[in-house]
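Colleague: What follows is a structure written as structure tokens; I'll ask about it next.
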Amino acid sequence: MQQPAIDPAVMRRAWLVLIVVSLASFQTAMSLSIIFVVYADLKESFPDASEAELSWVINSFTIVGAATLVIGGVLGERWGRRFTLMAGITVFTLASAAAALAPSIGLLIGARALQGIGTSLSLPMGAAIVIDAFPLSRRGTGVGAWSANGAVAAAMGPSVGALLVHVGDWRWAFWLNVPFGVIALIFIGKVIEERRSEQTPEMPDRLGALMVLAGVGAMVFALVQSREWSWADPVVLAALVGGPLVLALLGWRSKRHRLPVIDPALFRFRSFRLGNYGMLVFSIAFFGHQLVGINYLTNVWELSIIKAGLLLTPVFVFTGLLSALSGRWADRWGPARFVVAGSLMWTGGMVWQWATLSGREDIDAWVLSVTLAGIGSGLVWGSLFAVMVADLPSEFLASGSSVAQTMMRVGNAFGVAIAVTIVGATLAVGQVGNLGTSYIMLAAGGAVTTALGLRCARQGGVPPGTVQ
């Protein structure tokens, strides 16, 4: 079906908005991948910290962000999208400076949690601003390009992070966010127009947000502490049982609350529902691989952080390149087929790494497997976002973007927690420990995402540019 003609001025304005908003998302996306590369240097700076404590440097950011993203989306409609975007960038930038100066692991974890709050304000507003700037028939293109910007930033993370650690230490990775934040604030103030709802929206269920924080946090805590304290420890058992119970109560509360923190009405849209399930599962596999991979390269192969960072880069590079293309392809042919193809390629890459696990270096096999996985993840990310926004009305865009980012962050936290639980301290030079089990988990995430993509395709994907 031929797409309707669009005023070139509208598209020029849309692309300008995308570029400016991308400045804001660049710093947060790079931070996601840098933190995995500087993880080894953190161990040296805080030798008394356990593996579980160090994992909270990653997970405090993702869990706090997951609990506050939906509230951030509502605040954007109350305060104005541009103001909220700029407020989020300011908080993230100041928190980055605090993290760089942190003298203890506890204060570093706190600064990372504050970074999570900053991104909860900036990310949903950035996504809503970009999606709203593009015509309905070009949403997939806009979303794909926006996610590609994040993927390019993430692609730079491993090599930039490794270089920063080589010439300085992990603190430089946080200082890097400061100039990015200042530049983004200047351009956003000049280019983006303010927009807010005509009617001031009410704040959503605050207790619901705390329940997200408590439920996800308890489950992650149980996973990462189980290796040190054992599954039989009463605290671990309480957290393992209490976390899912709290989330179940949240689901019950959300169906009855007038303004739930996660609106069940969003999940009436089939594409949004399936896309978010895929986002959760694939995020577990994708982010879990980053921690597994860096441990494999630095502990088993005993590579330098510079070389390990370069070897992690291909998965992000190809993710970035393919995210933009898959968004355009989704506009033309529908996104479900690319979710299926991409997740199959990811699964193949993980199986390849599992089959070639060895205490001896095999650089060729590693590069080929992460290249395959990177191409696959690029197809998946761009297509999943296109799936989720395909049938969302404009008034649901901000809240829908928040829920999607929440699912990604929850998956990030679970992926890291599961990787820490499985791998733990089992690795040694030349010994793969429990890495085989880890790769089974990473491949399974791709396989489940494939099944979700097939289900969406069987039920008939939403035609580009239409609303159910």
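Order determines the names: the first chain of the structure tokens is A, the second B, and so forth; residues in each chain are numbered 1 upward, and ligands are numbered 1 upward as they are shown.
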With the cut-off set at 10 Å and counting only C-alpha atoms, tabulate each residue of range 167-206 of chain A with an atom at most that distance from an atom of range 257-274 of chain A, showing the nearest atom pair and its distance in Å to one decimal, ordered by chain and increasing number, as JSON lines.

Modeller:
{"residue": "A:Pro201", "atom": "CA", "partner": "A:Leu259", "partner_atom": "CA", "distance": 9.8}
{"residue": "A:Glu202", "atom": "CA", "partner": "A:Leu259", "partner_atom": "CA", "distance": 7.8}
{"residue": "A:Met203", "atom": "CA", "partner": "A:Leu259", "partner_atom": "CA", "distance": 7.4}
{"residue": "A:Pro204", "atom": "CA", "partner": "A:Leu259", "partner_atom": "CA", "distance": 4.8}
{"residue": "A:Asp205", "atom": "CA", "partner": "A:Pro260", "partner_atom": "CA", "distance": 5.1}
{"residue": "A:Arg206", "atom": "CA", "partner": "A:Val261", "partner_atom": "CA", "distance": 7.2}

Colleague: With all heavy atoms retained, export the selected residues as a PDB file, in the first residue's frame.

Modeller:
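Contents of result-v1.pdb, freshly written:
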ATOM      1  N   PRO A 201      -2.864  16.455  34.356  1.00  0.00           N
ATOM      2  CA  PRO A 201      -3.138  15.080  34.802  1.00  0.00           C
ATOM      3  C   PRO A 201      -2.798  14.898  36.280  1.00  0.00           C
ATOM      4  O   PRO A 201      -1.894  15.542  36.809  1.00  0.00           O
ATOM      5  CB  PRO A 201      -2.195  14.249  33.916  1.00  0.00           C
ATOM      6  CG  PRO A 201      -1.090  15.179  33.546  1.00  0.00           C
ATOM      7  CD  PRO A 201      -1.697  16.551  33.465  1.00  0.00           C
ATOM      8  N   GLU A 202      -3.549  14.030  36.913  1.00  0.00           N
ATOM      9  CA  GLU A 202      -3.279  13.742  38.313  1.00  0.00           C
ATOM     10  C   GLU A 202      -2.119  12.762  38.434  1.00  0.00           C
ATOM     11  O   GLU A 202      -1.826  12.000  37.512  1.00  0.00           O
ATOM     12  CB  GLU A 202      -4.528  13.143  38.974  1.00  0.00           C
ATOM     13  CG  GLU A 202      -5.726  14.062  38.977  1.00  0.00           C
ATOM     14  CD  GLU A 202      -6.926  13.406  39.642  1.00  0.00           C
ATOM     15  OE1 GLU A 202      -6.792  12.958  40.798  1.00  0.00           O
ATOM     16  OE2 GLU A 202      -7.982  13.329  38.999  1.00  0.00           O
ATOM     17  N   MET A 203      -1.477  12.797  39.600  1.00  0.00           N
ATOM     18  CA  MET A 203      -0.380  11.875  39.836  1.00  0.00           C
ATOM     19  C   MET A 203      -0.915  10.454  39.953  1.00  0.00           C
ATOM     20  O   MET A 203      -1.956  10.217  40.541  1.00  0.00           O
ATOM     21  CB  MET A 203       0.365  12.247  41.115  1.00  0.00           C
ATOM     22  CG  MET A 203       1.235  13.488  40.980  1.00  0.00           C
ATOM     23  SD  MET A 203       2.613  13.206  39.837  1.00  0.00           S
ATOM     24  CE  MET A 203       3.598  12.044  40.773  1.00  0.00           C
ATOM     25  N   PRO A 204      -0.174   9.476  39.392  1.00  0.00           N
ATOM     26  CA  PRO A 204      -0.618   8.085  39.502  1.00  0.00           C
ATOM     27  C   PRO A 204      -0.359   7.536  40.904  1.00  0.00           C
ATOM     28  O   PRO A 204       0.144   8.241  41.783  1.00  0.00           O
ATOM     29  CB  PRO A 204       0.261   7.375  38.462  1.00  0.00           C
ATOM     30  CG  PRO A 204       1.500   8.202  38.400  1.00  0.00           C
ATOM     31  CD  PRO A 204       1.044   9.620  38.605  1.00  0.00           C
ATOM     32  N   ASP A 205      -0.689   6.302  41.069  1.00  0.00           N
ATOM     33  CA  ASP A 205      -0.607   5.605  42.350  1.00  0.00           C
ATOM     34  C   ASP A 205       0.831   5.596  42.889  1.00  0.00           C
ATOM     35  O   ASP A 205       1.672   4.841  42.415  1.00  0.00           O
ATOM     36  CB  ASP A 205      -1.113   4.171  42.140  1.00  0.00           C
ATOM     37  CG  ASP A 205      -1.128   3.364  43.424  1.00  0.00           C
ATOM     38  OD1 ASP A 205      -0.964   3.956  44.498  1.00  0.00           O
ATOM     39  OD2 ASP A 205      -1.310   2.140  43.329  1.00  0.00           O
ATOM     40  N   ARG A 206       1.086   6.440  43.899  1.00  0.00           N
ATOM     41  CA  ARG A 206       2.439   6.504  44.463  1.00  0.00           C
ATOM     42  C   ARG A 206       2.807   5.214  45.185  1.00  0.00           C
ATOM     43  O   ARG A 206       3.947   4.753  45.126  1.00  0.00           O
ATOM     44  CB  ARG A 206       2.544   7.693  45.421  1.00  0.00           C
ATOM     45  CG  ARG A 206       2.364   9.048  44.743  1.00  0.00           C
ATOM     46  CD  ARG A 206       2.317  10.157  45.790  1.00  0.00           C
ATOM     47  NE  ARG A 206       2.153  11.476  45.202  1.00  0.00           N
ATOM     48  CZ  ARG A 206       0.984  12.005  44.845  1.00  0.00           C
ATOM     49  NH1 ARG A 206      -0.136  11.299  45.000  1.00  0.00           N
ATOM     50  NH2 ARG A 206       0.924  13.215  44.331  1.00  0.00           N
TER      51      ARG A 206
END

Colleague: From a DSSP pass on the backbone, collect the residues of range 250-337 of chain A flagged as alpha helix (DSSP H) and hand them back as a ChimeraX atom specification.

Modeller: /A:250-256,270-295,305-333,336-337

Colleague: Please report as CSV every residue of range 239-333 of chain A lying within 8 Å of range 412-432 of chain A, along with the nearest atom pair and their distance in Å (one decimal), using only C-alpha atoms.

Modeller:
residue,atom,partner,partner_atom,distance
A:Ser283,CA,A:Asn412,CA,5.5
A:Ile284,CA,A:Gly415,CA,4.0
A:Ala285,CA,A:Gly415,CA,6.1
A:Phe286,CA,A:Gly415,CA,7.6
A:Phe287,CA,A:Asn412,CA,5.4
A:Gly288,CA,A:Gly415,CA,4.1
A:His289,CA,A:Gly415,CA,7.9
A:Leu291,CA,A:Val416,CA,6.6
A:Val292,CA,A:Ala419,CA,6.3
A:Asn295,CA,A:Leu427,CA,7.9
A:Tyr296,CA,A:Val432,CA,7.4
A:Asn299,CA,A:Val429,CA,5.7
A:Val300,CA,A:Val429,CA,4.3
A:Trp301,CA,A:Val429,CA,6.3
A:Glu302,CA,A:Val429,CA,6.3

Colleague: For Pro47 in chain A, list every protein, DNA or RNA residue within 12 Å, evaluated using only C-alpha atoms, and leave out those in the same chain fewer than 6 positions away; present the list as an MDAnalysis selection string.

Modeller: chainID A and resid 40:41 53:54 104:105

Colleague: Write out, as a CSV table (one decimal), in the first residue's frame, the residues just selected, with N, CA and C atoms.

Modeller:
chain,number,residue,atom,x,y,z
A,40,ALA,N,35.1,-4.3,36.3
A,40,ALA,CA,36.4,-4.9,36.8
A,40,ALA,C,37.2,-3.9,37.6
A,41,ASP,N,37.2,-2.6,37.1
A,41,ASP,CA,38.0,-1.6,37.8
A,41,ASP,C,37.4,-1.3,39.1
A,53,GLU,N,27.3,-6.8,46.3
A,53,GLU,CA,27.3,-5.4,46.5
A,53,GLU,C,27.7,-4.6,45.2
A,54,LEU,N,28.7,-5.1,44.5
A,54,LEU,CA,29.1,-4.5,43.2
A,54,LEU,C,28.0,-4.5,42.2
A,104,SER,N,32.8,5.9,48.7
A,104,SER,CA,32.5,4.5,49.2
A,104,SER,C,31.5,3.9,48.2
A,105,ILE,N,31.4,2.5,48.3
A,105,ILE,CA,30.5,1.8,47.4
A,105,ILE,C,29.0,2.2,47.7

Colleague: Which residue is closest to Asp391 in chain A? Choose from A:Leu344, A:Leu136, A:Leu69, A:Ala153 and count only C-alpha atoms.

Modeller: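 Using only C-alpha atoms, the shortest distance to Asp391 in chain A belongs to A:Leu136.
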
Colleague: I'd like to know which of A:Asn149, A:Thr141, A:Ser226, A:Thr449 is closest to Ala390 in chain A, using only C-alpha atoms.

Modeller: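 Of the candidates, the smallest distance to Ala390 in chain A is held by A:Thr141.
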
Colleague: Which one of A:Val143, A:Leu250, A:Ala355, A:Leu303 sits closest to Ala14 in chain A if you count only C-alpha atoms?

Modeller: A:Val143

Colleague: Which of these, A:Ser438, A:Asn276, A:Ser401, A:Ser323, has the shortest distance to Val387 in chain A once you count only C-alpha atoms?

Modeller: A:Asn276

Colleague: Have a look at A:Ala98, A:Val241, A:Ala173, A:Val235 and name the one nearest to Val38 in chain A; count only C-alpha atoms.

Modeller: A:Ala173

Colleague: With only C-alpha atoms as the basis for distance, which of A:Arg12, A:Lys255, A:Arg112, A:Lys307 is at the shortest distance from Asn59 in chain A?

Modeller: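 The shortest atom-to-atom distance to Asn59 in chain A comes from A:Arg112.
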
Colleague: Between CA of Gly76 in chain A and CA of Phe396 in chain A, what is the spacing in Å?

Modeller: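 According to the coordinates, CA of Phe396 in chain A and CA of Gly76 in chain A are separated by 12.9 Å.
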
Colleague: Find the residues around Val315 in chain A up to 6 Å (only C-alpha atoms counted), leave out those fewer than 5 positions away in its own chain, and share them as a list in words.

Modeller: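 Result of the neighbour search: Val370, Thr371 and Gly374 of chain A.
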
Colleague: Go ahead and write the selection's residues with all heavy atoms as a short mmCIF file (atom, residue, chain, number, x, y, z; two decimals), in the first residue's frame.

Modeller:
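Below you can see result-v5.cif, which holds the result:
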data_model
loop_
_atom_site.label_atom_id
_atom_site.label_comp_id
_atom_site.auth_asym_id
_atom_site.auth_seq_id
_atom_site.Cartn_x
_atom_site.Cartn_y
_atom_site.Cartn_z
N VAL A 370 29.48 -12.65 18.23
CA VAL A 370 28.89 -11.39 18.70
C VAL A 370 28.39 -10.55 17.54
O VAL A 370 27.47 -9.75 17.69
CB VAL A 370 29.87 -10.58 19.58
CG1 VAL A 370 30.18 -11.32 20.86
CG2 VAL A 370 31.14 -10.22 18.84
N THR A 371 29.00 -10.72 16.35
CA THR A 371 28.49 -10.02 15.17
C THR A 371 27.10 -10.55 14.81
O THR A 371 26.17 -9.77 14.55
CB THR A 371 29.44 -10.21 13.98
OG1 THR A 371 30.71 -9.62 14.29
CG2 THR A 371 28.87 -9.56 12.72
N GLY A 374 24.77 -9.30 17.45
CA GLY A 374 24.54 -7.86 17.31
C GLY A 374 23.57 -7.54 16.19
O GLY A 374 22.69 -6.69 16.34
#
